[in-house]
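Only one structure is covered here, and it is reproduced in the block below.
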Amino acid sequence: MAGCPRAGGPLINACASATAVEPGDEAAARRFFESYFVPYALASSETGDTGIVTGYYEPIIRGSRTRSEINRFPIYGVPDDLLVVDLAAVAPETRSVRLRGRLDGRRVVPYYSRAEIDARGETLRAPVLGWGADPVELFFLQVQGSGQLELETGDRVRLAYADQNGHPYRSLGRYLVERGELALEQASMQGIKAWATANQQKLPEALNANPSYVFFRESADPRGPSGALGVPLVPEYSLAVDRRYVPLGTPVYLATSYPLSETPLERLMAAHDTGGAIRGIVRADFFWGTGPEAGVSAGRMRQQGRLWLLWPRGESLPRAD
């Protein structure tokens, strides 16, 4: 129950009781969950009780604090002119929607797309946190939502998700498959990086097919990257979910398989995070950890899976936003 410090509502009582369970006492943990929670299978009217489980991780990319001939691609913080529009006070049905935009005179218009941000260069009103050498690595840093920048000195700067430009996420792998650049089975992170190396002239257009753009902030938390719940992610035990259907902080039982395998991967997880591509009731992103080895597993993972929401006994089930 790592998310208990941020959990609220129906989870409060269960979290209070969780403090009595000694770490490592599996029998006591089992009794706790069986006593306080009821499992509910998640199912969609469109896909049934089975959905896609992908993987993500915290990448480590090389770069510098200042621009150089090698490190010339900026890592942006939140732009000064990025507006966040929250309409919940006047339209409660939009409480899960926050619009991003900018002022154009007296009008609020959509914020710049990825292509427009790259084209603006130094005129973009955003702080630069660092510089990277590879636009593809920076693209996947944004897809993962957090990472570390390794400087020439060997020191590392942890970069945490800060905000997004408000444009929808579009899959680069799907774009390449639809245009015949890659076969479906090649559209892993590793396959996309190999394609990018061999197709530098086509790369800008392909990257810009995803108009979504993520902005970062520096984090000094030594425990690791934090998810949308605001607590550090636990490698191989944290899930990113669609918070419209699965409240953050909730225990979730996952039944899937290891990447490129039929070997079962079944365990109790926690909904600690969200993601731009994580949309749907039976949809999850499995956090593998930090660094290249975790990246291999994350990049290869696209498995079928089932999810069970563990909800406190006696509490009304959450309503979808």
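Each chain of the structure tokens is named A, B, ... in the order shown, its residues numbered from 1; ligands are numbered from 1 in display order.
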
Range 226-276 of chain A near range 11-23 of chain A within 12 Å: what's each residue's closest atom pair and its distance in Å to one decimal, counting only C-alpha atoms, ordered by chain then ascending residue number, as a tab-separated table?
residue	atom	partner	partner_atom	distance
A:Pro247	CA	A:Leu11	CA	10.0
A:Leu248	CA	A:Leu11	CA	10.3
A:Gly249	CA	A:Leu11	CA	8.1
A:Thr250	CA	A:Leu11	CA	7.7
A:Pro251	CA	A:Leu11	CA	9.9

How would the residues just chosen look if you wrote them out with all heavy atoms as a short mmCIF file (atom, residue, chain, number, x, y, z; two decimals), in the first residue's frame?
data_model
loop_
_atom_site.label_atom_id
_atom_site.label_comp_id
_atom_site.auth_asym_id
_atom_site.auth_seq_id
_atom_site.Cartn_x
_atom_site.Cartn_y
_atom_site.Cartn_z
N PRO A 247 -9.49 4.24 -9.74
CA PRO A 247 -8.98 5.33 -8.90
C PRO A 247 -7.51 5.11 -8.54
O PRO A 247 -7.09 3.99 -8.23
CB PRO A 247 -9.87 5.26 -7.65
CG PRO A 247 -11.11 4.56 -8.10
CD PRO A 247 -10.66 3.57 -9.14
N LEU A 248 -6.74 6.18 -8.57
CA LEU A 248 -5.33 6.08 -8.20
C LEU A 248 -5.20 5.67 -6.73
O LEU A 248 -5.95 6.13 -5.87
CB LEU A 248 -4.62 7.41 -8.44
CG LEU A 248 -4.42 7.78 -9.91
CD1 LEU A 248 -3.71 9.13 -10.02
CD2 LEU A 248 -3.63 6.71 -10.65
N GLY A 249 -4.24 4.82 -6.45
CA GLY A 249 -4.02 4.30 -5.11
C GLY A 249 -4.66 2.95 -4.87
O GLY A 249 -4.39 2.30 -3.86
N THR A 250 -5.51 2.52 -5.80
CA THR A 250 -6.26 1.28 -5.61
C THR A 250 -5.39 0.06 -5.90
O THR A 250 -4.64 0.05 -6.87
CB THR A 250 -7.47 1.25 -6.55
OG1 THR A 250 -8.23 2.44 -6.39
CG2 THR A 250 -8.34 0.05 -6.27
N PRO A 251 -5.50 -1.00 -5.08
CA PRO A 251 -4.84 -2.26 -5.43
C PRO A 251 -5.51 -2.87 -6.66
O PRO A 251 -6.74 -2.83 -6.80
CB PRO A 251 -5.05 -3.15 -4.20
CG PRO A 251 -5.45 -2.20 -3.10
CD PRO A 251 -6.14 -1.06 -3.76
#

(Q) For Glu236 in chain A, find every residue with an atom within 9 Å (counting only C-alpha atoms), except residues of its own chain fewer than 3 positions away, and show them as a ChimeraX atom specification. (A) /A:233,239,269,286-289

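Taking only C-alpha atoms into account, Arg283 in chain A lies nearest to A:Ala240 out of the set A:Leu138, A:Ala240, A:Ala298, A:Leu124.
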
Q | All residues 8 Å or closer to Leu42 in chain A, only C-alpha atoms, same chain fewer than 4 positions away omitted, as a list in words | A |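 Answer for this query is Asp49, Ile281, Val282, Arg306, Leu307, Trp308 and Leu309 of chain A.
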
For the selection just defined, write its residues with C-alpha atoms to a file, as a short mmCIF file (atom, residue, chain, number, x, y, z; two decimals), in the first residue's frame.
data_model
loop_
_atom_site.label_atom_id
_atom_site.label_comp_id
_atom_site.auth_asym_id
_atom_site.auth_seq_id
_atom_site.Cartn_x
_atom_site.Cartn_y
_atom_site.Cartn_z
CA ASP A 49 -12.52 -8.74 -19.84
CA ILE A 281 -11.19 0.06 -18.72
CA VAL A 282 -9.01 -3.01 -19.30
CA ARG A 306 -6.96 -9.15 -17.32
CA LEU A 307 -7.45 -6.81 -14.36
CA TRP A 308 -9.32 -7.06 -11.05
CA LEU A 309 -10.04 -3.95 -8.99
#

Q | Near-Val128 in chain A list (8 Å; only C-alpha atoms; drop same-chain fewer than 5 positions) as a ChimeraX atom specification | A | /A:74-77
